[in-house]
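Colleague: Compact mmCIF, C-alpha atoms, saved as model-v1.txt, coming up:
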# COMPACT_ATOMS: atom_id res chain seq x y z
CA MET A 1 165.37 144.02 92.96
CA SER A 2 168.35 145.71 91.44
CA ALA A 3 167.81 144.67 87.85
CA LYS A 4 169.65 147.66 86.45
CA PRO A 5 173.07 147.94 87.98
CA GLN A 6 174.78 151.27 87.63
CA PRO A 7 177.75 151.40 85.28
CA GLY A 8 181.02 151.09 87.09
CA LYS A 9 179.44 149.43 90.10
CA ASP A 10 181.45 146.59 91.61
CA ASN A 11 180.52 142.92 91.46
CA PHE A 12 178.93 142.88 94.88
CA THR A 13 175.30 142.77 93.71
CA ARG A 14 176.02 140.13 91.13
CA ASN A 15 177.86 137.88 93.56
CA LEU A 16 175.18 138.40 96.19
CA VAL A 17 172.48 137.36 93.69
CA ILE A 18 174.46 134.26 92.70
CA GLY A 19 174.88 133.36 96.36
CA VAL A 20 171.23 133.89 97.19
CA VAL A 21 170.01 131.84 94.21
CA LEU A 22 172.33 128.93 94.99
CA GLY A 23 171.47 129.15 98.69
CA VAL A 24 167.71 129.11 98.11
CA VAL A 25 167.96 126.16 95.73
CA LEU A 26 170.02 124.18 98.24
CA ILE A 27 167.64 125.03 101.08
CA MET A 28 164.76 123.69 98.97
CA LEU A 29 166.67 120.60 97.88
CA VAL A 30 167.86 119.30 101.25
CA PRO A 31 164.41 118.67 102.82
CA THR A 32 163.34 116.97 99.59
CA ILE A 33 166.27 114.58 99.72
CA ILE A 34 165.57 113.81 103.37
CA SER A 35 161.86 113.24 102.77
CA LYS A 36 162.59 110.65 100.06
CA GLN A 37 164.63 108.41 102.36
CA THR A 38 162.98 105.17 103.49
CA LYS A 39 161.77 105.76 107.04
CA LEU A 40 162.65 102.67 109.01
CA ALA A 41 160.59 103.88 111.98
CA ALA A 42 157.40 104.21 109.92
CA LYS A 43 154.32 102.59 111.44
CA ILE A 44 153.32 99.69 109.23
CA PRO A 45 149.78 98.38 108.65
CA ALA A 46 148.69 94.75 108.97
CA SER A 47 150.03 92.18 106.49
CA VAL A 48 152.76 94.40 105.12
CA SER A 49 156.18 93.04 104.40
CA ALA A 50 159.19 95.32 104.14
CA GLU A 51 160.98 92.59 102.15
CA ARG A 52 158.19 92.77 99.59
CA GLY A 53 158.65 96.48 99.00
CA TYR A 54 156.30 97.47 101.84
CA GLY A 55 153.35 96.11 99.84
CA ILE A 56 150.15 94.81 101.42
CA VAL A 57 150.41 91.04 101.06
CA PHE A 58 147.70 88.42 100.75
CA ASN A 59 148.54 84.71 101.15
CA GLU A 60 152.06 85.44 102.30
CA GLU A 61 152.32 81.92 103.80
CA LEU A 62 151.71 80.02 100.55
CA THR A 63 154.57 78.38 98.70
CA GLY A 64 154.66 77.07 95.16
CA VAL A 65 152.06 79.53 93.89
CA PRO A 66 152.59 82.54 91.60
CA VAL A 67 153.50 85.81 93.30
CA ILE A 68 151.66 88.76 91.74
CA ASP A 69 153.01 92.25 92.51
CA ILE A 70 150.64 95.05 91.54
CA TYR A 71 151.90 98.65 91.51
CA GLU A 72 149.05 101.10 91.31
CA ASP A 73 147.94 104.57 92.34
CA PHE A 74 144.38 105.05 93.57
CA GLN A 75 144.07 108.15 91.38
CA CYS A 76 145.31 106.54 88.18
CA PRO A 77 142.48 106.00 85.65
CA SER A 78 144.25 103.03 84.02
CA CYS A 79 144.45 101.40 87.45
CA ALA A 80 140.69 101.77 87.82
CA ARG A 81 140.34 100.10 84.42
CA PHE A 82 142.71 97.32 85.48
CA GLU A 83 140.76 96.77 88.72
CA GLY A 84 137.49 96.78 86.77
CA THR A 85 138.84 94.16 84.35
CA GLN A 86 140.90 91.89 86.61
CA GLY A 87 139.71 92.75 90.14
CA GLN A 88 137.18 89.93 90.47
CA TYR A 89 139.65 87.33 89.26
CA LEU A 90 142.29 88.64 91.68
CA ASP A 91 139.81 88.51 94.56
CA SER A 92 138.94 84.92 93.67
CA ILE A 93 142.55 83.68 93.52
CA ILE A 94 143.23 85.39 96.85
CA GLU A 95 140.14 83.77 98.32
CA ASP A 96 140.99 80.33 96.89
CA LYS A 97 144.63 80.67 97.98
CA LYS A 98 145.93 80.14 94.46
CA ALA A 99 148.40 83.02 94.49
CA THR A 100 150.29 85.42 96.70
CA VAL A 101 149.16 88.93 95.79
CA VAL A 102 151.05 92.07 96.82
CA PHE A 103 149.43 95.48 96.43
CA HIS A 104 151.85 98.41 96.20
CA THR A 105 149.74 101.53 96.67
CA LEU A 106 151.82 104.29 95.08
CA SER A 107 151.30 107.99 95.59
CA PHE A 108 153.13 109.80 92.78
CA LEU A 109 149.98 111.42 91.38
CA GLY A 110 149.63 113.78 94.30
CA PRO A 111 148.38 114.44 97.83
CA GLU A 112 145.03 112.73 97.32
CA SER A 113 146.88 109.53 96.36
CA VAL A 114 148.73 109.75 99.68
CA ILE A 115 145.59 110.00 101.81
CA ALA A 116 143.85 107.30 99.76
CA ALA A 117 146.81 104.93 100.24
CA ASN A 118 146.84 105.78 103.94
CA ALA A 119 143.13 104.97 104.19
CA ALA A 120 143.70 101.69 102.35
CA ALA A 121 146.38 100.79 104.89
CA CYS A 122 143.96 101.64 107.71
CA SER A 123 141.37 99.36 106.10
CA ALA A 124 143.95 96.55 105.99
CA ASP A 125 144.05 96.71 109.80
CA GLU A 126 140.29 96.09 109.73
CA GLY A 127 140.59 93.21 107.25
CA LYS A 128 138.71 95.26 104.65
CA PHE A 129 141.49 96.22 102.24
CA LEU A 130 140.06 94.46 99.20
CA ALA A 131 136.59 95.88 99.73
CA LEU A 132 137.80 99.47 100.14
CA HIS A 133 140.24 99.01 97.26
CA LYS A 134 137.35 98.09 94.95
CA MET A 135 135.15 100.89 96.29
CA LEU A 136 137.81 103.57 95.77
CA TYR A 137 138.37 102.55 92.17
CA GLN A 138 134.65 102.36 91.47
CA THR A 139 134.13 105.88 92.76
CA GLN A 140 137.44 107.32 91.54
CA PRO A 141 137.16 111.11 91.10
CA ARG A 142 139.20 113.25 88.71
CA GLU A 143 142.88 113.54 89.69
CA ASN A 144 143.45 115.89 92.66
CA SER A 145 140.00 117.43 92.27
CA GLY A 146 139.64 117.77 96.02
CA ALA A 147 136.98 115.05 96.20
CA TRP A 148 139.12 112.73 98.31
CA THR A 149 139.38 114.20 101.77
CA ASN A 150 139.89 112.31 105.02
CA GLU A 151 136.18 112.75 105.74
CA ALA A 152 135.24 111.28 102.36
CA LEU A 153 137.60 108.34 102.94
CA VAL A 154 136.05 107.66 106.36
CA VAL A 155 132.64 107.61 104.67
CA ALA A 156 133.98 105.30 101.96
CA GLY A 157 135.21 102.97 104.71
CA GLU A 158 131.79 102.98 106.37
CA SER A 159 130.18 102.14 103.05
CA VAL A 160 132.17 98.89 102.86
CA GLY A 161 131.30 97.99 106.43
CA ILE A 162 134.17 99.42 108.48
CA LYS A 163 132.60 100.63 111.69
CA SER A 164 135.51 100.98 114.10
CA LYS A 165 136.61 104.28 115.58
CA GLU A 166 140.20 103.13 115.05
CA TYR A 167 139.79 103.37 111.28
CA GLU A 168 138.46 106.90 111.52
CA LYS A 169 141.36 107.93 113.76
CA CYS A 170 143.87 106.21 111.50
CA VAL A 171 142.55 108.02 108.41
CA ASN A 172 142.34 111.43 110.08
CA ASN A 173 145.78 111.18 111.68
CA GLY A 174 147.47 109.95 108.52
CA THR A 175 148.88 107.17 110.67
CA TYR A 176 150.55 105.41 107.76
CA ALA A 177 151.73 108.47 105.79
CA ASP A 178 155.40 107.54 106.31
CA TRP A 179 154.67 104.01 105.19
CA VAL A 180 153.05 105.43 102.01
CA GLY A 181 156.34 107.23 101.34
CA ASN A 182 158.25 103.99 101.85
CA VAL A 183 156.04 102.16 99.33
CA GLN A 184 156.77 104.87 96.77
CA ALA A 185 160.52 104.86 97.48
CA SER A 186 160.63 101.10 97.16
CA ALA A 187 158.80 101.21 93.81
CA ALA A 188 161.36 103.75 92.61
CA GLN A 189 164.11 101.28 93.51
CA SER A 190 162.22 98.55 91.62
CA ASP A 191 162.18 100.65 88.43
CA VAL A 192 158.39 100.94 88.19
CA ASN A 193 157.78 103.69 85.60
CA SER A 194 154.04 103.64 85.09
CA THR A 195 150.87 102.43 86.72
CA PRO A 196 149.49 99.90 86.75
CA THR A 197 152.59 97.74 86.57
CA VAL A 198 152.27 94.04 87.33
CA PHE A 199 155.03 91.56 88.01
CA ILE A 200 154.30 87.85 88.06
CA ASN A 201 157.02 85.95 89.89
CA GLY A 202 159.24 88.99 89.47
CA LYS A 203 158.77 89.22 85.70
CA GLU A 204 157.02 92.28 84.28
CA LEU A 205 153.71 91.38 82.65
CA ASP A 206 153.32 92.09 78.93
CA ARG A 207 151.36 95.33 78.40
CA ASN A 208 148.75 93.58 76.21
CA ALA A 209 147.61 91.39 79.09
CA TYR A 210 146.56 94.17 81.47
CA TYR A 211 143.07 94.74 80.14
CA ASP A 212 142.44 91.32 78.64
CA PRO A 213 141.01 88.80 81.13
CA ALA A 214 142.00 85.72 79.12
CA LEU A 215 145.62 86.83 78.60
CA PHE A 216 145.93 87.86 82.24
CA ILE A 217 144.61 84.56 83.59
CA ALA A 218 146.89 82.68 81.23
CA ALA A 219 149.90 84.70 82.41
CA VAL A 220 149.10 84.04 86.07
CA GLU A 221 148.60 80.32 85.48
CA ARG A 222 151.86 80.09 83.56
CA GLY A 223 153.47 81.70 86.61
CA MET B 1 175.23 145.82 65.40
CA ARG B 2 176.69 145.71 68.85
CA GLU B 3 173.45 147.10 70.25
CA PHE B 4 171.47 144.39 68.46
CA LYS B 5 173.73 141.70 69.91
CA LEU B 6 173.07 142.97 73.41
CA TRP B 7 169.32 142.78 72.87
CA PHE B 8 169.61 139.34 71.29
CA GLY B 9 171.62 138.26 74.32
CA LEU B 10 168.81 139.43 76.58
CA ALA B 11 166.22 137.55 74.51
CA SER B 12 168.36 134.39 74.63
CA ARG B 13 168.80 134.69 78.39
CA LEU B 14 165.08 135.14 78.98
CA THR B 15 164.13 132.29 76.63
CA LEU B 16 166.62 129.70 77.87
CA GLY B 17 166.27 130.86 81.48
CA GLY B 18 162.49 131.06 81.29
CA VAL B 19 162.13 127.56 79.88
CA LEU B 20 164.50 126.14 82.52
CA LEU B 21 162.71 127.95 85.34
CA VAL B 22 159.26 126.77 84.22
CA ALA B 23 160.50 123.21 83.66
CA GLY B 24 161.99 123.10 87.15
CA TYR B 25 159.01 124.79 88.78
CA LEU B 26 156.56 122.26 87.31
CA LYS B 27 158.59 119.34 88.66
CA TYR B 28 160.11 120.34 91.97
CA ASP B 29 157.14 119.32 94.12
CA GLU B 30 156.44 116.17 92.12
CA ILE B 31 159.73 114.44 92.70
CA ASP B 32 158.24 110.93 92.46
CA LYS B 33 157.14 111.65 88.91
CA SER B 34 160.42 113.34 88.06
CA GLN B 35 162.36 110.27 89.21
CA MET B 36 160.02 108.06 87.21
CA ALA B 37 160.62 110.20 84.12
CA VAL B 38 164.40 109.87 84.40
CA ARG B 39 164.23 106.11 85.04
CA ALA B 40 162.04 105.64 81.98
CA TYR B 41 164.91 106.70 79.69
CA GLU B 42 166.69 103.49 80.74
CA MET B 43 170.11 105.10 80.42
CA LEU B 44 171.37 105.08 84.00
CA PRO B 45 171.58 102.74 86.98
CA ILE B 46 168.32 103.07 88.91
CA ALA B 47 169.84 104.66 92.00
CA LEU B 48 171.60 107.31 89.92
CA ALA B 49 168.46 107.95 87.85
CA ASN B 50 166.49 108.48 91.06
CA PHE B 51 169.12 110.88 92.36
CA ILE B 52 169.10 112.90 89.15
CA GLY B 53 165.31 112.91 89.11
CA MET B 54 165.44 114.52 92.52
CA VAL B 55 168.17 117.09 91.88
CA LEU B 56 167.39 118.10 88.28
CA PRO B 57 164.28 120.26 88.94
CA PHE B 58 166.19 122.28 91.53
CA ALA B 59 169.18 122.67 89.22
CA GLU B 60 166.85 123.88 86.48
CA ILE B 61 165.27 126.44 88.80
CA GLY B 62 168.69 127.73 89.86
CA MET B 63 170.01 127.96 86.31
CA GLY B 64 166.79 129.57 85.12
CA LEU B 65 166.93 132.27 87.80
CA LEU B 66 170.61 133.03 87.15
CA LEU B 67 170.04 133.35 83.41
CA ILE B 68 166.98 135.57 83.80
CA LEU B 69 168.82 137.83 86.23
CA GLY B 70 171.94 137.71 84.10
CA ALA B 71 174.27 136.62 86.88
CA ALA B 72 177.15 134.26 85.98
CA THR B 73 175.66 134.18 82.48
CA ARG B 74 178.59 132.54 80.76
CA ILE B 75 179.03 129.50 82.99
CA THR B 76 175.28 129.07 83.47
CA ALA B 77 174.72 129.19 79.71
CA ALA B 78 177.45 126.56 79.29
CA LEU B 79 175.77 124.33 81.88
CA GLY B 80 172.40 124.92 80.22
CA ALA B 81 173.80 123.99 76.81
CA LEU B 82 175.39 120.87 78.32
CA LEU B 83 172.06 119.93 79.85
CA MET B 84 170.38 120.31 76.46
CA VAL B 85 173.01 118.03 74.89
CA VAL B 86 172.21 115.42 77.55
CA PHE B 87 168.47 115.80 76.89
CA VAL B 88 168.94 115.49 73.13
CA ILE B 89 171.02 112.32 73.63
CA GLY B 90 168.46 110.91 76.07
CA ILE B 91 165.48 111.56 73.84
CA SER B 92 167.26 110.36 70.70
CA GLN B 93 168.34 107.08 72.27
CA ALA B 94 164.81 106.51 73.61
CA TRP B 95 163.46 107.09 70.11
CA ALA B 96 166.08 104.90 68.46
CA ARG B 97 165.48 102.05 70.90
CA GLY B 98 161.73 102.28 70.39
CA LEU B 99 160.90 103.10 74.02
CA SER B 100 157.44 104.53 74.57
CA ILE B 101 158.00 107.30 77.05
CA ASP B 102 156.91 110.84 77.73
CA CYS B 103 159.89 113.17 77.70
CA GLY B 104 158.89 114.43 81.15
CA CYS B 105 160.43 117.76 80.28
CA PHE B 106 157.72 119.80 82.00
CA GLY B 107 156.49 117.31 84.56
CA GLY B 108 154.77 114.02 83.88
CA GLY B 109 156.95 111.43 82.23
CA GLY B 110 157.32 107.69 82.47
CA GLN B 111 156.06 105.07 80.08
CA VAL B 112 153.14 105.86 77.77
CA GLU B 113 150.96 103.70 75.56
CA PRO B 114 152.97 102.36 72.61
CA GLY B 115 152.65 104.61 69.57
CA THR B 116 151.73 107.77 71.48
CA ALA B 117 155.25 108.94 72.31
CA ASN B 118 156.25 112.28 70.75
CA TYR B 119 159.98 112.78 70.35
CA ILE B 120 160.18 115.39 67.60
CA THR B 121 158.81 118.37 69.56
CA PRO B 122 161.18 118.03 72.53
CA LEU B 123 164.12 117.35 70.20
CA LEU B 124 163.49 120.51 68.18
CA ARG B 125 162.93 122.58 71.30
CA ASP B 126 166.04 121.35 73.05
CA THR B 127 168.15 121.81 69.92
CA GLY B 128 166.96 125.43 69.68
CA LEU B 129 167.70 126.01 73.34
CA LEU B 130 171.12 124.42 72.87
CA ALA B 131 171.86 126.99 70.16
CA LEU B 132 170.88 129.83 72.51
CA GLY B 133 173.08 128.37 75.24
CA ILE B 134 176.06 128.19 72.89
CA TYR B 135 175.43 131.76 71.72
CA LEU B 136 175.34 133.04 75.30
CA PHE B 137 178.49 131.14 76.14
CA ARG B 138 180.24 132.82 73.21
CA TYR B 139 178.65 136.27 73.71
CA PRO B 140 177.52 136.56 77.33
CA GLN B 141 177.10 140.34 77.18
CA SER B 142 173.48 141.45 77.14
CA LYS B 143 171.08 144.18 78.20
CA PHE B 144 169.95 144.40 81.84
CA SER B 145 172.51 141.91 83.04
CA LEU B 146 173.99 141.82 86.52
CA ASP B 147 177.23 140.72 84.90
CA GLN B 148 177.45 144.10 83.17
CA SER B 149 179.86 145.71 85.56
CA SER B 150 182.48 143.01 85.14
CA GLN B 151 181.94 142.94 81.41
CA LYS B 152 182.51 146.66 81.29
CA LEU B 153 185.88 146.17 82.96
CA ASN B 154 186.82 143.50 80.48
CA LEU B 155 185.80 145.69 77.58
CA GLU B 156 187.85 148.53 78.92
CA LYS B 157 190.84 146.23 79.21
CA ARG B 158 190.31 145.09 75.65
CA ASP B 159 190.02 148.70 74.48
CA MET B 160 193.34 149.58 76.06
CA LYS B 161 195.21 146.97 74.00
As structure tokens, what does this structure read like?
Modeller:
Amino acid sequence: MSAKPQPGKDNFTRNLVIGVVLGVVLIMLVPTIISKQTKLAAKIPASVSAERGYGIVFNEELTGVPVIDIYEDFQCPSCARFEGTQGQYLDSIIEDKKATVVFHTLSFLGPESVIAANAAACSADEGKFLALHKMLYQTQPRENSGAWTNEALVVAGESVGIKSKEYEKCVNNGTYADWVGNVQASAAQSDVNSTPTVFINGKELDRNAYYDPALFIAAVERG
Amino acid sequence: MREFKLWFGLASRLTLGGVLLVAGYLKYDEIDKSQMAVRAYEMLPIALANFIGMVLPFAEIGMGLLLILGAATRITAALGALLMVVFVIGISQAWARGLSIDCGCFGGGGQVEPGTANYITPLLRDTGLLALGIYLFRYPQSKFSLDQSSQKLNLEKRDMK
């Protein structure tokens, strides 16, 4: 580094430094911009709808029922609290076909959110999304602590009864990693600024209702 | 006095540049969060907010490096001061409108639980940095600056008058 230019020296060093700094910043920026584009060729797991922000949809076929969009990140502690409070009710309305529920598995908290969302997508192919979803929140480790590896997520899948080799391959290959990026990009376009965020029929749910079963049920039934 | 000004210029460069560099460094590989932080200010159309959330960390890194090295000090300080004005406006309007957001200045950001938002610290910090940016725009000469050679020429020209 030439931090101490000699007196009388021309501007060459200075201009070179300016050029290098601007060049390096641009070289870092361009791949970032490209990586944030929605990838239309991304492989998409079962029951996902691009029109619904690439979320994993339950009861897509129903009409005249509330549509509940849930934006969450598997590593977000508040999401674990939300799942602990409202998860059973959500499972029951999915089971009883009383609502269309869309899970948007975001990944802004870091790399372990990406592999967890990928594993959740793999479990959707096996029809076990809700079971793995619950399991991951129940055993949620500290953010990016290294506890969630592909191996750990395969084991988590086994623990909720996923036995297929396909699931293991899907987790290890990060088959749905591009789809995970699309879910995140779509949430950015929908102005989701924290997790969990819940929309009922497109209207953002009042913050007080997230961790209160009675308020939440009332909001869903109001539609 | 002139000597003191040169040292003060260096301190201003390192402070403003250092803060910008750190702020950019902490955000550049967490672009999703950075975009969320900008959106949460609710000032811009979503697409534009997302674009700024993506570009801002890199701009901060570039400006920080240039200020620390003392290259193009004057224009970089002006851009830095302008950025601080934008931040002060953004934080103030969030405060005035009663939004509950994290400033997202050094990563993080987005909505927070009502009542836990802290607007005073970032406002004071950005106002201080704004002052340093204005000072450097007015007096860009400083110790250990790559701009020195051109400044020297200018000074010589001034001396000849």
Colleague: Which one is closest to Gly17 (chain B): B:Leu44, B:Ile89, B:Leu146, B:Met63? Count all atoms listed in the file.
Modeller: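 Using all atoms listed in the file, the shortest distance to Gly17 (chain B) belongs to B:Met63.
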Colleague: From (139.3, 111.9, 92.0), in the file's coordinates, out to 10 Å: which residues are reached, counting only C-alpha atoms? Answer as an MDAnalysis selection string.
Modeller: chainID A and resid 74:77 112:113 136:137 139:148
Colleague: Looking at all atoms listed in the file, which of A:Ser190, A:Gln138, A:Ser159, A:Asn59 is the one that sits closest to chain B?
Modeller: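 Among the listed residues, A:Ser190 lies closest to chain B.
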Colleague: For each of A:Asp91, A:Asp178, A:Asp191, A:Glu204, take the minimum atom-to-atom distance to chain B, counting all atoms listed in the file, then give the residue where this is smallest.
Modeller: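 So, comparing all the options, the nearest one is A:Asp191.
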Colleague: What is the CA of Gly110 (chain B) to CA of Met36 (chain B) distance in Å?
Modeller: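 Spanning CA of Gly110 (chain B) to CA of Met36 (chain B) is a straight-line distance of 5.5 Å.
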Colleague: Pick out the residues sitting within 7 Å of region 64-73 of chain A, and hand them over as a list of chain:residue names; count all atoms listed in the file, and ignore anything fewer than 6 positions along from it in its own chain.
Modeller: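 With the cut-off at 7 Å, the set is A:Cys79, A:Lys98, A:Ala99, A:Thr100, A:Val101, A:Val102, A:Phe103, A:His104, A:Thr105, A:Leu106, A:Ser107, A:Ser113, A:Thr195, A:Pro196, A:Thr197, A:Val198, A:Phe199, A:Ile200, A:Asn201, A:Val220, A:Gly223.
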Colleague: In Å, how far is it from CA of Ala41 (chain A) to CA of Asp32 (chain B)?
Modeller: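 Computing it gives 20.9 Å between the two atoms.
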Colleague: To one decimal place, how far is CA of Arg14 (chain A) from CA of Leu136 (chain B) in Å?
Modeller: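 Calculated distance between CA of Arg14 (chain A) and CA of Leu136 (chain B) is 17.4 Å.
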Colleague: Using only C-alpha atoms, which of B:Ser12, B:Ala72, B:Arg2, B:Asp29 sits nearest Ile18 (chain A)?
Modeller: B:Ala72
Colleague: Could you give me, as JSON lines, every chain B residue with an atom at most 7 Å from chain A, plus its closest atom pair and distance in Å to one decimal, counting only C-alpha atoms, rows ordered by chain then number?
Modeller:
{"residue": "B:Asp32", "atom": "CA", "partner": "A:Phe108", "partner_atom": "CA", "distance": 5.2}
{"residue": "B:Lys33", "atom": "CA", "partner": "A:Phe108", "partner_atom": "CA", "distance": 5.9}
{"residue": "B:Met36", "atom": "CA", "partner": "A:Asn193", "partner_atom": "CA", "distance": 5.2}
{"residue": "B:Arg39", "atom": "CA", "partner": "A:Asp191", "partner_atom": "CA", "distance": 6.7}
{"residue": "B:Ala40", "atom": "CA", "partner": "A:Asn193", "partner_atom": "CA", "distance": 5.9}
{"residue": "B:Ile46", "atom": "CA", "partner": "A:Gln189", "partner_atom": "CA", "distance": 6.5}
{"residue": "B:Ala47", "atom": "CA", "partner": "A:Gln189", "partner_atom": "CA", "distance": 6.8}
{"residue": "B:Phe58", "atom": "CA", "partner": "A:Val25", "partner_atom": "CA", "distance": 6.0}
{"residue": "B:Gly62", "atom": "CA", "partner": "A:Val25", "partner_atom": "CA", "distance": 6.1}
{"residue": "B:Leu66", "atom": "CA", "partner": "A:Ile18", "partner_atom": "CA", "distance": 6.9}
{"residue": "B:Ala71", "atom": "CA", "partner": "A:Arg14", "partner_atom": "CA", "distance": 5.8}
{"residue": "B:Gly110", "atom": "CA", "partner": "A:Asn193", "partner_atom": "CA", "distance": 5.1}
{"residue": "B:Gln111", "atom": "CA", "partner": "A:Ser194", "partner_atom": "CA", "distance": 5.6}
{"residue": "B:Phe144", "atom": "CA", "partner": "A:Lys4", "partner_atom": "CA", "distance": 5.7}
{"residue": "B:Leu146", "atom": "CA", "partner": "A:Arg14", "partner_atom": "CA", "distance": 5.3}
{"residue": "B:Asp147", "atom": "CA", "partner": "A:Arg14", "partner_atom": "CA", "distance": 6.4}
{"residue": "B:Ser149", "atom": "CA", "partner": "A:Gly8", "partner_atom": "CA", "distance": 5.7}
{"residue": "B:Ser150", "atom": "CA", "partner": "A:Asn11", "partner_atom": "CA", "distance": 6.6}
Colleague: Because the input lacks atoms here, generate N, CA and C atoms for region 119-141 of chain A and report them as a PDB file, in the frame of the given file.
Modeller:
ATOM      1  N   ALA A 119     144.417 105.550 103.803  1.00  0.00           N
ATOM      2  CA  ALA A 119     143.130 104.970 104.190  1.00  0.00           C
ATOM      3  C   ALA A 119     143.087 103.479 103.859  1.00  0.00           C
ATOM      4  N   ALA A 120     143.680 103.102 102.716  1.00  0.00           N
ATOM      5  CA  ALA A 120     143.700 101.690 102.350  1.00  0.00           C
ATOM      6  C   ALA A 120     144.485 100.884 103.377  1.00  0.00           C
ATOM      7  N   ALA A 121     145.593 101.467 103.858  1.00  0.00           N
ATOM      8  CA  ALA A 121     146.380 100.790 104.890  1.00  0.00           C
ATOM      9  C   ALA A 121     145.561 100.659 106.176  1.00  0.00           C
ATOM     10  N   CYS A 122     144.815 101.707 106.513  1.00  0.00           N
ATOM     11  CA  CYS A 122     143.960 101.640 107.710  1.00  0.00           C
ATOM     12  C   CYS A 122     142.922 100.532 107.546  1.00  0.00           C
ATOM     13  N   SER A 123     142.392 100.386 106.327  1.00  0.00           N
ATOM     14  CA  SER A 123     141.370  99.360 106.100  1.00  0.00           C
ATOM     15  C   SER A 123     141.991  97.961 106.185  1.00  0.00           C
ATOM     16  N   ALA A 124     143.291  97.859 105.864  1.00  0.00           N
ATOM     17  CA  ALA A 124     143.950  96.550 105.990  1.00  0.00           C
ATOM     18  C   ALA A 124     143.942  96.092 107.441  1.00  0.00           C
ATOM     19  N   ASP A 125     144.108  97.052 108.370  1.00  0.00           N
ATOM     20  CA  ASP A 125     144.050  96.710 109.800  1.00  0.00           C
ATOM     21  C   ASP A 125     142.689  96.144 110.179  1.00  0.00           C
ATOM     22  N   GLU A 126     141.658  96.554 109.422  1.00  0.00           N
ATOM     23  CA  GLU A 126     140.290  96.090 109.730  1.00  0.00           C
ATOM     24  C   GLU A 126     139.934  94.863 108.908  1.00  0.00           C
ATOM     25  N   GLY A 127     140.877  94.365 108.113  1.00  0.00           N
ATOM     26  CA  GLY A 127     140.590  93.210 107.250  1.00  0.00           C
ATOM     27  C   GLY A 127     139.693  93.558 106.086  1.00  0.00           C
ATOM     28  N   LYS A 128     139.649  94.849 105.716  1.00  0.00           N
ATOM     29  CA  LYS A 128     138.710  95.260 104.650  1.00  0.00           C
ATOM     30  C   LYS A 128     139.441  95.874 103.465  1.00  0.00           C
ATOM     31  N   PHE A 129     140.717  95.576 103.307  1.00  0.00           N
ATOM     32  CA  PHE A 129     141.490  96.220 102.240  1.00  0.00           C
ATOM     33  C   PHE A 129     140.870  95.998 100.872  1.00  0.00           C
ATOM     34  N   LEU A 130     140.541  94.741 100.554  1.00  0.00           N
ATOM     35  CA  LEU A 130     140.060  94.460  99.200  1.00  0.00           C
ATOM     36  C   LEU A 130     138.741  95.160  98.912  1.00  0.00           C
ATOM     37  N   ALA A 131     137.884  95.234  99.928  1.00  0.00           N
ATOM     38  CA  ALA A 131     136.590  95.880  99.730  1.00  0.00           C
ATOM     39  C   ALA A 131     136.761  97.384  99.504  1.00  0.00           C
ATOM     40  N   LEU A 132     137.603  98.020 100.303  1.00  0.00           N
ATOM     41  CA  LEU A 132     137.800  99.470 100.140  1.00  0.00           C
ATOM     42  C   LEU A 132     138.523  99.762  98.820  1.00  0.00           C
ATOM     43  N   HIS A 133     139.496  98.930  98.506  1.00  0.00           N
ATOM     44  CA  HIS A 133     140.240  99.010  97.260  1.00  0.00           C
ATOM     45  C   HIS A 133     139.272  99.076  96.065  1.00  0.00           C
ATOM     46  N   LYS A 134     138.335  98.128  96.035  1.00  0.00           N
ATOM     47  CA  LYS A 134     137.350  98.090  94.950  1.00  0.00           C
ATOM     48  C   LYS A 134     136.486  99.351  94.961  1.00  0.00           C
ATOM     49  N   MET A 135     136.031  99.720  96.160  1.00  0.00           N
ATOM     50  CA  MET A 135     135.150 100.890  96.290  1.00  0.00           C
ATOM     51  C   MET A 135     135.846 102.158  95.798  1.00  0.00           C
ATOM     52  N   LEU A 136     137.106 102.344  96.163  1.00  0.00           N
ATOM     53  CA  LEU A 136     137.810 103.570  95.770  1.00  0.00           C
ATOM     54  C   LEU A 136     137.959 103.646  94.250  1.00  0.00           C
ATOM     55  N   TYR A 137     138.246 102.511  93.628  1.00  0.00           N
ATOM     56  CA  TYR A 137     138.370 102.550  92.170  1.00  0.00           C
ATOM     57  C   TYR A 137     137.027 102.764  91.495  1.00  0.00           C
ATOM     58  N   GLN A 138     135.963 102.174  92.090  1.00  0.00           N
ATOM     59  CA  GLN A 138     134.650 102.360  91.470  1.00  0.00           C
ATOM     60  C   GLN A 138     134.176 103.801  91.541  1.00  0.00           C
ATOM     61  N   THR A 139     134.610 104.512  92.571  1.00  0.00           N
ATOM     62  CA  THR A 139     134.130 105.880  92.760  1.00  0.00           C
ATOM     63  C   THR A 139     135.242 106.890  92.511  1.00  0.00           C
ATOM     64  N   GLN A 140     136.261 106.473  91.739  1.00  0.00           N
ATOM     65  CA  GLN A 140     137.440 107.320  91.540  1.00  0.00           C
ATOM     66  C   GLN A 140     137.075 108.693  90.942  1.00  0.00           C
ATOM     67  N   PRO A 141     137.428 109.780  91.636  1.00  0.00           N
ATOM     68  CA  PRO A 141     137.160 111.110  91.100  1.00  0.00           C
ATOM     69  C   PRO A 141     138.292 111.534  90.143  1.00  0.00           C
TER      70      PRO A 141
END
